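Containing compact mmCIF, C-alpha atoms: model-v6.txt.
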# COMPACT_ATOMS: atom_id res chain seq x y z
CA MET A 5 -16.08 -141.45 75.32
CA GLY A 6 -17.52 -140.35 72.00
CA PRO A 7 -18.70 -136.88 71.00
CA HIS A 8 -22.01 -135.46 72.15
CA PRO A 9 -24.95 -136.89 70.09
CA ALA A 10 -25.58 -133.50 68.45
CA VAL A 11 -21.93 -133.20 67.41
CA ALA A 12 -21.92 -136.80 66.18
CA ALA A 13 -25.05 -136.14 64.11
CA ILE A 14 -23.68 -133.08 62.33
CA ARG A 15 -20.33 -134.75 61.69
CA LEU A 16 -22.01 -137.81 60.22
CA ALA A 17 -24.14 -135.65 57.93
CA VAL A 18 -21.06 -133.77 56.69
CA ARG A 19 -19.03 -136.97 56.32
CA ARG A 20 -21.68 -138.46 54.04
CA VAL A 21 -21.76 -135.38 51.84
CA LEU A 22 -17.97 -135.18 51.63
CA HIS A 23 -17.84 -138.84 50.65
CA ASP A 24 -20.36 -138.15 47.87
CA ILE A 25 -18.30 -135.18 46.71
CA LEU A 26 -15.08 -137.20 46.77
CA THR A 27 -16.46 -140.16 44.85
CA GLY A 28 -18.20 -137.95 42.31
CA HIS A 29 -15.28 -135.56 41.78
CA PRO A 30 -13.66 -136.26 38.38
CA ALA A 31 -9.89 -135.95 38.26
CA PRO A 32 -8.40 -134.19 35.22
CA PRO A 33 -6.99 -136.56 32.57
CA ASP A 34 -3.41 -135.29 33.00
CA PRO A 35 -2.96 -133.78 36.48
CA PRO A 36 0.17 -131.62 36.86
CA HIS A 37 3.31 -133.50 37.92
CA GLY A 38 1.32 -136.74 37.94
CA ARG A 39 -0.56 -135.78 41.14
CA THR A 40 -4.33 -135.69 41.47
CA PRO A 41 -5.26 -132.24 42.87
CA THR A 42 -6.89 -132.25 46.28
CA PRO A 43 -10.52 -131.06 46.04
CA LEU A 44 -11.48 -127.94 47.98
CA VAL A 45 -14.83 -127.64 49.75
CA LEU A 46 -16.02 -124.28 51.07
CA VAL A 47 -18.59 -123.61 53.76
CA ALA A 48 -20.84 -120.56 53.59
CA CYS A 49 -20.75 -119.30 57.16
CA SER A 50 -22.78 -116.36 58.47
CA GLY A 51 -21.69 -116.88 62.07
CA GLY A 52 -25.11 -118.24 63.05
CA ALA A 53 -25.54 -121.56 64.83
CA ASP A 54 -26.40 -123.62 61.73
CA SER A 55 -23.47 -122.51 59.59
CA THR A 56 -21.04 -122.45 62.53
CA ALA A 57 -21.90 -126.06 63.36
CA LEU A 58 -21.41 -126.88 59.69
CA ALA A 59 -18.03 -125.13 59.59
CA SER A 60 -16.82 -127.01 62.66
CA ALA A 61 -17.93 -130.36 61.25
CA LEU A 62 -16.29 -129.63 57.90
CA ALA A 63 -13.01 -128.67 59.61
CA PHE A 64 -13.11 -131.94 61.57
CA GLU A 65 -14.11 -134.33 58.79
CA ALA A 66 -12.41 -132.97 55.65
CA PRO A 67 -8.78 -133.72 56.61
CA LYS A 68 -9.65 -137.34 57.35
CA LEU A 69 -10.82 -137.73 53.73
CA GLY A 70 -7.96 -135.80 52.19
CA ILE A 71 -10.17 -132.82 51.31
CA ARG A 72 -9.15 -129.20 51.77
CA ALA A 73 -11.71 -127.14 53.69
CA GLY A 74 -12.23 -123.39 53.45
CA GLY A 75 -14.94 -120.86 54.20
CA VAL A 76 -16.67 -117.75 52.93
CA THR A 77 -18.81 -115.26 54.80
CA VAL A 78 -20.94 -112.75 52.90
CA ASP A 79 -21.33 -109.22 54.22
CA HIS A 80 -24.67 -107.94 52.93
CA GLY A 81 -24.05 -104.48 54.37
CA LEU A 82 -27.61 -104.29 55.70
CA GLN A 83 -26.76 -103.62 59.35
CA PRO A 84 -24.37 -101.26 61.14
CA GLY A 85 -21.05 -102.96 61.87
CA SER A 86 -21.68 -105.81 59.42
CA ASP A 87 -18.11 -105.48 58.08
CA LEU A 88 -16.66 -105.95 61.56
CA ARG A 89 -18.89 -108.94 62.17
CA ALA A 90 -17.73 -110.48 58.88
CA GLU A 91 -14.11 -110.05 59.96
CA GLU A 92 -14.92 -111.80 63.25
CA VAL A 93 -16.49 -114.73 61.37
CA VAL A 94 -13.34 -115.01 59.25
CA LEU A 95 -11.24 -115.19 62.43
CA ARG A 96 -13.49 -117.90 63.87
CA MET A 97 -13.21 -119.97 60.70
CA ARG A 98 -9.43 -119.65 60.79
CA ARG A 99 -9.40 -120.83 64.41
CA LEU A 100 -11.32 -123.93 63.29
CA GLY A 101 -8.52 -124.63 60.83
CA LEU A 102 -10.29 -123.66 57.62
CA ASP A 103 -8.12 -122.34 54.79
CA PRO A 104 -8.68 -120.40 52.58
CA VAL A 105 -11.22 -118.15 54.27
CA GLU A 106 -12.53 -114.76 53.21
CA ALA A 107 -15.26 -112.18 53.70
CA VAL A 108 -17.03 -110.90 50.60
CA ALA A 109 -18.99 -107.64 50.65
CA VAL A 110 -22.01 -107.37 48.35
CA THR A 111 -24.51 -104.70 47.37
CA VAL A 112 -28.10 -105.83 47.83
CA GLY A 113 -30.55 -104.55 45.24
CA ARG A 114 -34.31 -104.24 45.46
CA GLU A 115 -35.65 -106.55 42.78
CA GLY A 116 -38.07 -109.16 44.15
CA GLY A 117 -38.11 -107.71 47.67
CA PRO A 118 -35.41 -107.53 50.36
CA GLU A 119 -35.20 -111.24 51.11
CA ALA A 120 -34.97 -112.31 47.46
CA ALA A 121 -32.49 -109.52 46.64
CA ALA A 122 -30.23 -110.51 49.53
CA ARG A 123 -30.39 -114.16 48.50
CA ASP A 124 -29.50 -113.33 44.87
CA ALA A 125 -26.54 -111.20 45.97
CA ARG A 126 -25.36 -113.92 48.37
CA TYR A 127 -25.42 -116.71 45.79
CA ALA A 128 -23.69 -114.53 43.21
CA ALA A 129 -20.90 -113.90 45.75
CA LEU A 130 -20.64 -117.60 46.61
CA ASP A 131 -20.50 -118.56 42.93
CA ALA A 132 -17.69 -116.05 42.39
CA ALA A 133 -15.79 -117.28 45.47
CA ALA A 134 -16.08 -120.92 44.36
CA ALA A 135 -14.74 -120.01 40.92
CA ARG A 136 -11.97 -117.86 42.38
CA HIS A 137 -10.68 -120.63 44.66
CA GLY A 138 -11.44 -123.53 42.33
CA ALA A 139 -13.80 -125.11 44.87
CA THR A 140 -15.53 -128.36 44.04
CA ALA A 141 -18.51 -127.62 46.30
CA VAL A 142 -20.00 -125.11 48.73
CA LEU A 143 -21.78 -126.38 51.84
CA LEU A 144 -24.87 -124.54 53.09
CA GLY A 145 -26.30 -124.84 56.60
CA HIS A 146 -30.03 -125.07 55.80
CA THR A 147 -31.83 -127.33 58.28
CA ARG A 148 -35.07 -129.29 58.29
CA ASP A 149 -36.75 -126.25 59.90
CA ASP A 150 -35.62 -124.06 56.99
CA GLN A 151 -37.02 -126.65 54.61
CA ALA A 152 -40.41 -126.60 56.36
CA GLU A 153 -40.52 -122.80 56.13
CA THR A 154 -39.64 -122.93 52.43
CA VAL A 155 -42.47 -125.39 51.73
CA LEU A 156 -45.00 -123.17 53.52
CA LEU A 157 -43.80 -120.09 51.62
CA GLY A 158 -44.20 -122.00 48.36
CA LEU A 159 -47.69 -123.09 49.40
CA ALA A 160 -48.63 -119.47 50.12
CA ARG A 161 -47.46 -118.41 46.64
CA GLY A 162 -49.64 -121.09 45.05
CA SER A 163 -47.06 -121.67 42.34
CA GLY A 164 -47.29 -125.44 41.96
CA ILE A 165 -45.62 -128.63 43.06
CA ARG A 166 -42.09 -127.43 42.29
CA SER A 167 -42.44 -124.67 44.88
CA LEU A 168 -43.48 -127.31 47.43
CA SER A 169 -40.27 -129.22 46.72
CA GLY A 170 -38.32 -126.87 48.94
CA MET A 171 -34.54 -126.86 48.74
CA ALA A 172 -32.65 -129.65 47.04
CA ALA A 173 -29.87 -131.45 48.88
CA VAL A 174 -27.76 -130.84 45.76
CA SER A 175 -28.25 -127.81 43.51
CA GLY A 176 -26.47 -125.23 41.41
CA ALA A 177 -24.18 -125.60 38.43
CA ASP A 178 -22.54 -129.05 38.44
CA GLY A 179 -24.08 -129.76 41.85
CA ARG A 180 -21.99 -127.03 43.47
CA TYR A 181 -24.26 -126.43 46.47
CA ARG A 182 -24.72 -129.15 49.07
CA ARG A 183 -27.03 -129.03 52.09
CA PRO A 184 -25.98 -131.70 54.62
CA PHE A 185 -28.40 -130.63 57.37
CA LEU A 186 -31.78 -130.96 55.62
CA SER A 187 -32.57 -134.00 57.76
CA LEU A 188 -31.43 -132.32 61.01
CA ASP A 189 -33.37 -129.81 63.06
CA ARG A 190 -32.17 -126.35 64.03
CA GLN A 191 -31.83 -127.28 67.70
CA THR A 192 -29.32 -130.04 66.90
CA ALA A 193 -27.02 -127.52 65.22
CA ARG A 194 -27.38 -125.05 68.10
CA LYS A 195 -26.72 -127.79 70.67
CA ALA A 196 -23.59 -128.84 68.78
CA CYS A 197 -22.26 -125.28 69.01
CA LEU A 198 -23.11 -125.08 72.70
CA VAL A 199 -21.34 -128.27 73.74
CA GLN A 200 -18.25 -127.32 71.69
CA SER A 201 -18.24 -123.77 73.17
CA LEU A 202 -18.48 -122.28 69.70
CA PRO A 203 -19.65 -118.64 69.75
CA VAL A 204 -22.63 -117.92 67.49
CA TRP A 205 -24.27 -114.77 66.22
CA ASP A 206 -28.05 -114.48 66.03
CA ASP A 207 -29.01 -112.31 63.08
CA PRO A 208 -31.64 -109.77 64.26
CA HIS A 209 -33.29 -110.02 60.84
CA ASN A 210 -34.32 -113.57 61.77
CA ALA A 211 -36.54 -112.11 64.51
CA ASP A 212 -37.70 -109.02 62.58
CA PRO A 213 -41.45 -109.26 61.79
CA ALA A 214 -40.87 -107.08 58.73
CA TYR A 215 -39.57 -110.21 56.99
CA THR A 216 -42.02 -112.86 55.82
CA ARG A 217 -39.82 -115.81 56.77
CA SER A 218 -39.31 -114.36 60.25
CA ARG A 219 -43.07 -114.08 60.82
CA LEU A 220 -43.51 -117.62 59.60
CA ARG A 221 -40.75 -118.90 61.90
CA HIS A 222 -41.93 -117.16 65.07
CA GLU A 223 -45.69 -116.99 64.52
CA GLY A 224 -46.85 -119.25 61.68
CA LEU A 225 -45.10 -122.54 62.46
CA PRO A 226 -45.73 -122.35 66.23
CA ALA A 227 -49.42 -121.73 65.51
CA LEU A 228 -49.53 -124.76 63.19
CA GLU A 229 -47.85 -126.95 65.79
CA LYS A 230 -50.30 -125.74 68.42
CA ALA A 231 -53.28 -126.53 66.18
CA LEU A 232 -52.01 -129.76 64.60
CA GLY A 233 -49.57 -131.10 67.16
CA ARG A 234 -45.85 -131.73 67.05
CA GLY A 235 -44.36 -133.21 63.92
CA VAL A 236 -45.46 -130.49 61.52
CA VAL A 237 -41.86 -129.61 60.59
CA GLN A 238 -40.99 -133.24 59.87
CA ALA A 239 -44.17 -133.68 57.83
CA LEU A 240 -43.46 -130.58 55.75
CA ALA A 241 -39.89 -131.71 55.10
CA ARG A 242 -41.20 -135.10 54.02
CA THR A 243 -43.71 -133.35 51.73
CA ALA A 244 -40.81 -131.47 50.15
CA GLN A 245 -39.02 -134.68 49.23
CA LEU A 246 -42.16 -136.36 47.86
CA SER A 247 -43.02 -133.24 45.87
CA ARG A 248 -39.50 -133.08 44.47
CA ASP A 249 -39.69 -136.69 43.30
CA ASP A 250 -43.01 -136.01 41.56
CA ALA A 251 -41.82 -132.73 40.03
CA ASP A 252 -38.64 -134.36 38.72
CA ALA A 253 -40.68 -137.11 37.06
CA LEU A 254 -43.03 -134.59 35.44
CA ASP A 255 -40.09 -132.48 34.24
CA THR A 256 -38.58 -135.56 32.60
CA TRP A 257 -41.90 -136.40 30.93
CA ALA A 258 -42.21 -132.83 29.63
CA ARG A 259 -38.68 -132.85 28.17
CA GLN A 260 -39.37 -136.14 26.40
CA ALA A 261 -42.77 -134.97 25.09
CA GLU A 262 -41.67 -131.54 23.87
CA ALA A 263 -40.27 -132.68 20.51
CA SER A 264 -43.53 -134.46 19.68
CA VAL A 265 -45.64 -131.28 20.00
CA ARG A 266 -43.54 -129.15 17.63
CA ASP A 267 -43.90 -129.01 13.85
CA ALA A 268 -41.05 -129.38 11.37
CA THR A 269 -40.01 -125.75 11.95
CA GLY A 270 -40.00 -126.14 15.73
CA VAL A 271 -43.22 -124.21 16.43
CA LEU A 272 -45.58 -125.57 19.09
CA GLU A 273 -48.81 -127.14 17.80
CA CYS A 274 -51.89 -126.40 19.89
CA ALA A 275 -53.80 -129.61 19.14
CA LYS A 276 -50.90 -131.78 20.23
CA LEU A 277 -50.34 -129.66 23.34
CA TYR A 278 -54.04 -129.95 24.21
CA ALA A 279 -53.75 -133.75 24.22
CA LEU A 280 -51.11 -133.71 26.96
CA PRO A 281 -51.90 -133.78 30.70
CA PRO A 282 -52.06 -130.19 32.04
CA ALA A 283 -49.04 -130.64 34.33
CA VAL A 284 -46.88 -131.76 31.39
CA ARG A 285 -48.25 -129.15 28.98
CA ARG A 286 -47.64 -126.26 31.35
CA ARG A 287 -44.06 -127.36 31.91
CA ILE A 288 -43.47 -127.26 28.16
CA LEU A 289 -45.02 -123.79 27.99
CA ARG A 290 -42.84 -122.56 30.83
CA ARG A 291 -39.68 -123.91 29.20
CA ALA A 292 -40.64 -122.29 25.91
CA ALA A 293 -41.22 -118.92 27.59
CA ILE A 294 -37.86 -119.05 29.36
CA GLU A 295 -36.09 -120.04 26.13
CA ALA A 296 -37.72 -117.02 24.46
CA GLY A 297 -36.20 -114.73 27.09
CA ALA A 298 -38.64 -114.61 30.02
CA PRO A 299 -36.70 -114.50 33.34
CA ALA A 300 -37.45 -117.69 35.26
CA GLY A 301 -37.67 -115.83 38.58
CA SER A 302 -40.34 -113.46 37.24
CA LEU A 303 -42.43 -116.09 35.47
CA PHE A 304 -45.27 -117.10 37.78
CA ALA A 305 -48.05 -119.69 37.62
CA ARG A 306 -50.60 -117.04 36.61
CA HIS A 307 -48.53 -116.21 33.52
CA ILE A 308 -48.42 -119.84 32.40
CA GLU A 309 -52.14 -120.26 33.09
CA GLU A 310 -52.90 -117.34 30.75
CA VAL A 311 -50.78 -118.89 28.01
CA ASP A 312 -52.40 -122.26 28.65
CA ARG A 313 -55.83 -120.72 28.00
CA LEU A 314 -54.69 -119.95 24.46
CA ILE A 315 -54.74 -123.73 24.02
CA THR A 316 -57.54 -124.95 26.27
CA GLY A 317 -59.93 -121.98 26.15
CA TRP A 318 -59.31 -120.40 22.75
CA ARG A 319 -61.83 -117.66 21.95
CA GLY A 320 -59.74 -115.40 19.78
CA GLN A 321 -57.78 -113.84 22.66
CA LYS A 322 -55.09 -111.29 21.99
CA ALA A 323 -51.43 -111.99 22.59
CA ILE A 324 -50.28 -112.59 26.18
CA ASN A 325 -47.49 -110.35 27.45
CA LEU A 326 -44.95 -112.15 29.64
CA PRO A 327 -41.98 -110.88 31.68
CA GLY A 328 -38.86 -110.07 29.69
CA ARG A 329 -40.88 -108.55 26.83
CA VAL A 330 -41.88 -112.03 25.69
CA VAL A 331 -45.18 -112.45 23.84
CA ALA A 332 -47.28 -115.62 23.46
CA GLN A 333 -49.78 -115.69 20.60
CA ARG A 334 -51.93 -118.29 18.90
CA GLN A 335 -51.63 -118.21 15.14
CA GLY A 336 -53.43 -120.68 12.90
CA GLY A 337 -53.39 -123.61 15.30
CA ARG A 338 -49.86 -122.93 16.45
CA LEU A 339 -48.52 -121.25 19.56
CA VAL A 340 -45.79 -118.72 18.92
CA ILE A 341 -43.74 -117.58 21.93
CA ARG A 342 -41.12 -114.97 21.09
CA GLN A 343 -39.59 -111.64 22.00
CA GLY A 344 -42.10 -108.83 21.47
As a first step, turn the structure in this file into structure tokens.
Amino acid sequence: MGPHPAVAAIRLAVRRVLHDILTGHPAPPDPPHGRTPTPLVLVACSGGADSTALASALAFEAPKLGIRAGGVTVDHGLQPGSDLRAEEVVLRMRRLGLDPVEAVAVTVGREGGPEAAARDARYAALDAAAARHGATAVLLGHTRDDQAETVLLGLARGSGIRSLSGMAAVSGADGRYRRPFLSLDRQTARKACLVQSLPVWDDPHNADPAYTRSRLRHEGLPALEKALGRGVVQALARTAQLSRDDADALDTWARQAEASVRDATGVLECAKLYALPPAVRRRILRRAAIEAGAPAGSLFARHIEEVDRLITGWRGQKAINLPGRVVAQRQGGRLVIRQG
């Protein structure tokens, strides 16, 4: 008798990702002692149902492919007893057979709001852990439901098609982060934990209406499903993939077009920029602002629209101030973007 369908589904998703990691993992030209080192894959595990199901599937599938499997849990220090809970998650990962495993404590700042600050601290900790252990990849337990929420949050920000692309299945430096569960719903992961008698921890922040994503999860999405019928989550996830394909194509077009709109000294020429489609032109402007020192996370659509008006609606406007003390100014038919 085979495993429960939910368990089979999560294991298959992890197996596919591990196979991709294995086939895409380059061996060093001269491995020590003539042996190819065994790649290490870590799972980021909070103790919740999604990441616990992921940890169990990784522990089951990795040895069959000759991959070492470990885990990391991040203690954000935002709740009483979070250090003890992190220690418990470490013990659970060890019981699954993961090695190495560790808990990493972080300090969450305030920039960008509590959710963004916690996310930044978490990814910084995971990057450091991957480097420390020499991990080839880090698996994240984001599900199709998380993807739908991300698309709606991007829609609310009104920041363009890239924000509707949601989370990529592969992201980070050298494709470090992998998300095997983007095609699976949250209930499948929870069911897999239940049938395997795996204890899970439900983060109270996920039900706290003080957090935007929590309100969306418990109020917004149910209201949409009530008004539009079931299938909203699947439709939003499908929108994310279609948007990502379109955004990737436009990004490629912008990279290829950028050299043609600069003069011999590398300065952007307004007339040539004006001739481009708006979606391509604004991508070039965004790239130029980031290269000049504007932080990507603080550069919003409204900033780029203001810079774009220096090209499409020129009436002698003054310089545009951008995040990171970057200034955009039109000078004699050219657009200069530099540190102020």
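Comparing A:Arg161, A:Asp103, A:Cys49, A:Asp149 by their smallest distance to Leu130 (chain A), the closest is A:Cys49 (using all atoms listed in the file).
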Give me the residues near Leu168 (chain A) as a count of residues only, where near means some atom within 12 Å (using only C-alpha atoms) and where sequence neighbours in that chain fewer than 2 positions away do not count.
31
To one decimal place in Å, what is the distance between CA of Ala227 (chain A) and CA of Pro213 (chain A)?
15.3 Å
Skipping near chain neighbours, those fewer than 5 positions away, what residues fall within 12 Å of Arg96 (chain A) using only C-alpha atoms, listed as a list of chain:residue names?
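Neighbouring residues, sequence-local ones excluded: A:Cys49, A:Ser50, A:Gly51, A:Gly52, A:Ser55, A:Thr56, A:Ala57, A:Ala59, A:Ser60, A:Ala63, A:Gly74, A:Gly75, A:Val76, A:Thr77, A:Arg89, A:Ala90, A:Glu91, A:Gly101, A:Leu102, A:Asp103, A:Val105, A:Glu106, A:Ala107, A:Ser201, A:Leu202, A:Pro203, A:Val204, A:Trp205.
For region 111-113 of chain A, the list of residues within 12 Å, based on all atoms listed in the file and with local chain neighbours fewer than 4 positions off taken out, reads Val78, Asp79, His80, Gly81, Leu82, Gln83, Gly117, Pro118, Glu119, Ala120, Ala121, Ala122, Arg123, Asp124, Ala125, Arg126, Tyr127, Ala128 and Ala129 of chain A.
The interatomic distance for the pair CA of Asp87 (chain A) and CA of Asp150 (chain A) works out to 25.6 Å.
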Using only C-alpha atoms, which residue out of A:Leu88, A:Leu62, A:Leu44, A:Cys197 lies closest to Leu144 (chain A)?
A:Leu62
Between A:Arg114, A:Pro184, A:Leu46, A:Ile71, which one has atoms that come closest to Ala17 (chain A), using only C-alpha atoms?
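Checking each candidate against Ala17 (chain A), we get A:Pro184 as the closest.
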Using all atoms listed in the file: which of A:Val47, A:Ala332, A:Ile14, A:Leu69 has the shortest distance to Leu26 (chain A):
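For Leu26 (chain A), the nearest of the given residues is A:Leu69.
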Output: region 142-152 of chain A of the preceding structure, restricted to all heavy atoms, written as a PDB file, in the first residue's frame.
ATOM      1  N   VAL A 142      18.375  26.029  -0.755  1.00  0.00           N
ATOM      2  CA  VAL A 142      17.520  26.123   0.428  1.00  0.00           C
ATOM      3  C   VAL A 142      16.081  25.983  -0.042  1.00  0.00           C
ATOM      4  O   VAL A 142      15.628  26.746  -0.909  1.00  0.00           O
ATOM      5  CB  VAL A 142      17.707  27.460   1.169  1.00  0.00           C
ATOM      6  CG1 VAL A 142      16.780  27.525   2.386  1.00  0.00           C
ATOM      7  CG2 VAL A 142      19.161  27.655   1.593  1.00  0.00           C
ATOM      8  N   LEU A 143      15.355  25.026   0.515  1.00  0.00           N
ATOM      9  CA  LEU A 143      13.958  24.820   0.141  1.00  0.00           C
ATOM     10  C   LEU A 143      13.041  25.637   1.044  1.00  0.00           C
ATOM     11  O   LEU A 143      13.231  25.683   2.256  1.00  0.00           O
ATOM     12  CB  LEU A 143      13.579  23.335   0.253  1.00  0.00           C
ATOM     13  CG  LEU A 143      14.426  22.328  -0.520  1.00  0.00           C
ATOM     14  CD1 LEU A 143      13.772  20.952  -0.469  1.00  0.00           C
ATOM     15  CD2 LEU A 143      14.633  22.768  -1.966  1.00  0.00           C
ATOM     16  N   LEU A 144      12.043  26.273   0.441  1.00  0.00           N
ATOM     17  CA  LEU A 144      11.065  27.082   1.161  1.00  0.00           C
ATOM     18  C   LEU A 144       9.674  26.491   0.962  1.00  0.00           C
ATOM     19  O   LEU A 144       9.343  26.025  -0.130  1.00  0.00           O
ATOM     20  CB  LEU A 144      11.092  28.527   0.653  1.00  0.00           C
ATOM     21  CG  LEU A 144      12.461  29.223   0.704  1.00  0.00           C
ATOM     22  CD1 LEU A 144      12.377  30.600   0.044  1.00  0.00           C
ATOM     23  CD2 LEU A 144      12.953  29.348   2.139  1.00  0.00           C
ATOM     24  N   GLY A 145       8.845  26.557   1.996  1.00  0.00           N
ATOM     25  CA  GLY A 145       7.552  25.877   1.976  1.00  0.00           C
ATOM     26  C   GLY A 145       6.383  26.702   1.478  1.00  0.00           C
ATOM     27  O   GLY A 145       5.238  26.404   1.843  1.00  0.00           O
ATOM     28  N   HIS A 146       6.602  27.719   0.659  1.00  0.00           N
ATOM     29  CA  HIS A 146       5.489  28.527   0.160  1.00  0.00           C
ATOM     30  C   HIS A 146       4.567  27.692  -0.733  1.00  0.00           C
ATOM     31  O   HIS A 146       5.026  26.980  -1.629  1.00  0.00           O
ATOM     32  CB  HIS A 146       6.018  29.723  -0.638  1.00  0.00           C
ATOM     33  CG  HIS A 146       6.837  30.658   0.190  1.00  0.00           C
ATOM     34  ND1 HIS A 146       8.158  30.957  -0.090  1.00  0.00           N
ATOM     35  CD2 HIS A 146       6.524  31.352   1.316  1.00  0.00           C
ATOM     36  CE1 HIS A 146       8.621  31.801   0.813  1.00  0.00           C
ATOM     37  NE2 HIS A 146       7.653  32.055   1.674  1.00  0.00           N
ATOM     38  N   THR A 147       3.270  27.816  -0.489  1.00  0.00           N
ATOM     39  CA  THR A 147       2.274  27.040  -1.230  1.00  0.00           C
ATOM     40  C   THR A 147       1.548  27.900  -2.257  1.00  0.00           C
ATOM     41  O   THR A 147       1.780  29.107  -2.369  1.00  0.00           O
ATOM     42  CB  THR A 147       1.233  26.458  -0.261  1.00  0.00           C
ATOM     43  OG1 THR A 147       0.513  27.550   0.340  1.00  0.00           O
ATOM     44  CG2 THR A 147       1.896  25.610   0.819  1.00  0.00           C
ATOM     45  N   ARG A 148       0.636  27.260  -2.973  1.00  0.00           N
ATOM     46  CA  ARG A 148      -0.181  27.975  -3.957  1.00  0.00           C
ATOM     47  C   ARG A 148      -1.022  29.050  -3.284  1.00  0.00           C
ATOM     48  O   ARG A 148      -1.255  30.123  -3.855  1.00  0.00           O
ATOM     49  CB  ARG A 148      -1.087  26.974  -4.674  1.00  0.00           C
ATOM     50  CG  ARG A 148      -1.898  27.561  -5.822  1.00  0.00           C
ATOM     51  CD  ARG A 148      -2.557  26.452  -6.626  1.00  0.00           C
ATOM     52  NE  ARG A 148      -3.490  25.672  -5.811  1.00  0.00           N
ATOM     53  CZ  ARG A 148      -3.990  24.496  -6.168  1.00  0.00           C
ATOM     54  NH1 ARG A 148      -3.624  23.937  -7.303  1.00  0.00           N
ATOM     55  NH2 ARG A 148      -4.859  23.862  -5.395  1.00  0.00           N
ATOM     56  N   ASP A 149      -1.457  28.813  -2.047  1.00  0.00           N
ATOM     57  CA  ASP A 149      -2.228  29.814  -1.307  1.00  0.00           C
ATOM     58  C   ASP A 149      -1.369  31.043  -1.011  1.00  0.00           C
ATOM     59  O   ASP A 149      -1.835  32.181  -1.125  1.00  0.00           O
ATOM     60  CB  ASP A 149      -2.739  29.221   0.004  1.00  0.00           C
ATOM     61  CG  ASP A 149      -3.630  28.019  -0.222  1.00  0.00           C
ATOM     62  OD1 ASP A 149      -3.078  26.922  -0.440  1.00  0.00           O
ATOM     63  OD2 ASP A 149      -4.858  28.168  -0.194  1.00  0.00           O
ATOM     64  N   ASP A 150      -0.107  30.805  -0.618  1.00  0.00           N
ATOM     65  CA  ASP A 150       0.814  31.928  -0.390  1.00  0.00           C
ATOM     66  C   ASP A 150       1.016  32.720  -1.668  1.00  0.00           C
ATOM     67  O   ASP A 150       1.100  33.953  -1.647  1.00  0.00           O
ATOM     68  CB  ASP A 150       2.171  31.407   0.105  1.00  0.00           C
ATOM     69  CG  ASP A 150       2.072  30.712   1.447  1.00  0.00           C
ATOM     70  OD1 ASP A 150       1.510  31.303   2.384  1.00  0.00           O
ATOM     71  OD2 ASP A 150       2.549  29.574   1.557  1.00  0.00           O
ATOM     72  N   GLN A 151       1.102  32.012  -2.781  1.00  0.00           N
ATOM     73  CA  GLN A 151       1.288  32.686  -4.070  1.00  0.00           C
ATOM     74  C   GLN A 151       0.100  33.581  -4.394  1.00  0.00           C
ATOM     75  O   GLN A 151       0.269  34.726  -4.836  1.00  0.00           O
ATOM     76  CB  GLN A 151       1.475  31.635  -5.175  1.00  0.00           C
ATOM     77  CG  GLN A 151       1.781  32.207  -6.545  1.00  0.00           C
ATOM     78  CD  GLN A 151       3.210  32.690  -6.658  1.00  0.00           C
ATOM     79  OE1 GLN A 151       3.615  33.610  -5.935  1.00  0.00           O
ATOM     80  NE2 GLN A 151       3.970  32.092  -7.555  1.00  0.00           N
ATOM     81  N   ALA A 152      -1.110  33.078  -4.156  1.00  0.00           N
ATOM     82  CA  ALA A 152      -2.318  33.870  -4.419  1.00  0.00           C
ATOM     83  C   ALA A 152      -2.332  35.134  -3.567  1.00  0.00           C
ATOM     84  O   ALA A 152      -2.668  36.228  -4.044  1.00  0.00           O
ATOM     85  CB  ALA A 152      -3.565  33.030  -4.142  1.00  0.00           C
TER      86      ALA A 152
END
